[in-house]
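First the structure, in the form of structure tokens, and then the observations on it.
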Amino acid sequence: ETGVTQSPTHLIKTRGQQVTLRCSSQSGHNTVSWYQQALGQGPQFIFQYYREEENGRGNFPPRFSGLQFPNYSSELNVNALELDDSALYLCASSPGTGGGYTFGSGTRLTVV
Amino acid sequence: GQSLEQPSEVTAVEGAIVQINCTYQTSGFYGLSWYQQHDGGAPTFLSYNALDGLEETGRFSSFLSRSDSYGYLLLQELQMKDSASYFCAVRMGNSGGYQKVTFGIGTKLQVIP
């Protein structure tokens with residue numbers, strides 16, 4: 001059984017650009033959530049998808065958007081990148097809308 | 001809104017027991033989770049409590065009191081490798097199933113010889 005995999009592992013983008021991060025959920029998991037973690041802080045909830053529908057969103061602007069595909073993999077898109085978007089982006093999956101999450105290793109995004 | 005409080009740092013001796021507390025304020029509570037994160041790594045799921053009481057998994061136990069909006073993580077027989085940050089996280093939602101997850105600031109545990 002494979003865990004949660006994210007790609008790419010590292011990324012450098014210029015302010016104003018757009019970025020797409022990808023996540024494959026753990027086998028059997030139909031719920032995917034995304035988090036932003038700045039250095040020294042806890043993960044901040046961006047949004048969650050359950051069976052291809054968004055079923056939760058944190059306090060992030062609309063330029064943070066996402067998708068979940070029929071195989072339950074997911075994408076996080078960020079438009080008009082800002083310097084403060086530099087962070088570790090974590091994807092996590094769970095087998096339903098209860099219980100804990102299994103996290104991927106994250107994508108380290110640097111905006112310059 | 002919702003908020004969680006947990007201590008920022010704890011130091012304990014190898015072989016000892018340590019308890020990390022978490023209090024929360026939220027509506028539409030679903031459950032409380034605990035995660036371990038080593039420097040440079042991703043969070044690792046430790047436990048989830050939806051109902052009151054104690055859940056035990058090896059050296060780690062987690063407790064929840066919904067009426068007190070309080071939980072704790074108990075680590076026994078501490079090992080040096082337990083040095084990490086520990087996060088509590090609340091899963092909350094409305095009757096329609098719309099959810100949010102809020103993490104605490106994390107408790108940095110240092111295990112000393």
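By convention in this document, the chains of the structure tokens carry letters A, B, ... by their order, each chain's residues are numbered from 1, and ligands are numbered from 1 in the order they are shown.
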Task: Within 6 Å of Arg63 of chain A using only C-alpha atoms, minus same-chain residues under 2 positions, as a PyMOL selection string - done: chain A and resi 61+78-79
Open item on the list: Just want the 12 Å neighbourhood of Leu54 of chain B, counted on only C-alpha atoms, with same-chain residues fewer than 3 positions away dropped. Output as a VMD selection string.
Closed with: chain B and resid 47 to 51 57 60 to 65 71 to 74
TODO: For chain A, report every residue with an atom at most 10 Å from chain B (counting only C-alpha atoms), formatted as a ChimeraX atom specification.
DONE: /A:33,35,39-50,54-59,88-92,97-106
Open item on the list: So that I can see what lies close to His29 of chain A, please list as a list in words the residues with an atom at most 8 Å from it, counting only C-alpha atoms and leaving out residues fewer than 4 positions away in the same chain.
Closed with: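 The filter keeps Ser25, Tyr72, Ser93, Ser94, Pro95 and Gly96 of chain A.
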Open item on the list: Please compute the atom CA of Glu82 of chain A-atom CA of Gln68 of chain A distance, one decimal, in Å.
Closed with: 24.3 Å
Task: Who sits within 9 Å of Asp82 of chain B, only C-alpha atoms, same chain under 2 positions skipped, as a PyMOL selection string - done: chain B and resi 36+38+75+78-80+84-85+109-111
Keeping only C-alpha atoms, write the selected residues to a file as a PDB file, in the first residue's frame.
ATOM      1  CA  GLN B  36       4.291  14.202  15.405  1.00  0.00           C
ATOM      2  CA  HIS B  38      10.409  15.934  13.194  1.00  0.00           C
ATOM      3  CA  LEU B  75       4.075   9.711  25.949  1.00  0.00           C
ATOM      4  CA  LEU B  78      10.425   8.487  26.468  1.00  0.00           C
ATOM      5  CA  GLN B  79      13.147   7.830  23.927  1.00  0.00           C
ATOM      6  CA  MET B  80      15.566  10.294  22.349  1.00  0.00           C
ATOM      7  CA  ALA B  84       9.957  16.410  17.840  1.00  0.00           C
ATOM      8  CA  SER B  85       7.064  18.850  17.585  1.00  0.00           C
ATOM      9  CA  LEU B 109       9.422  18.263  22.967  1.00  0.00           C
ATOM     10  CA  GLN B 110      13.070  17.892  23.881  1.00  0.00           C
ATOM     11  CA  VAL B 111      14.075  14.590  25.426  1.00  0.00           C
TER      12      VAL B 111
END
Open item on the list: Using only C-alpha atoms for the distances, tell me which of A:Val4, A:Ile12, A:Ala38, A:Leu21 is nearest to Glu75 of chain A.
Closed with: A:Leu21
Task: Test item, strand (DSSP E or B) assignment across segment 39-96 of chain B, answer as an MDAnalysis selection string - done: chainID B and resid 44:49 53:57 60:65 70:75 84:93
Task: Point-to-point distance from atom CA of Phe69 of chain A to atom CA of Thr31 of chain A, Å rounded to tenths - done: 10.9 Å
- [ ] Report the distance between atom CA of Ser24 of chain A and atom CA of Leu81 of chain A in Å, rounded to one decimal place.
- [x]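 Between atom CA of Ser24 of chain A and atom CA of Leu81 of chain A the gap is 23.4 Å.
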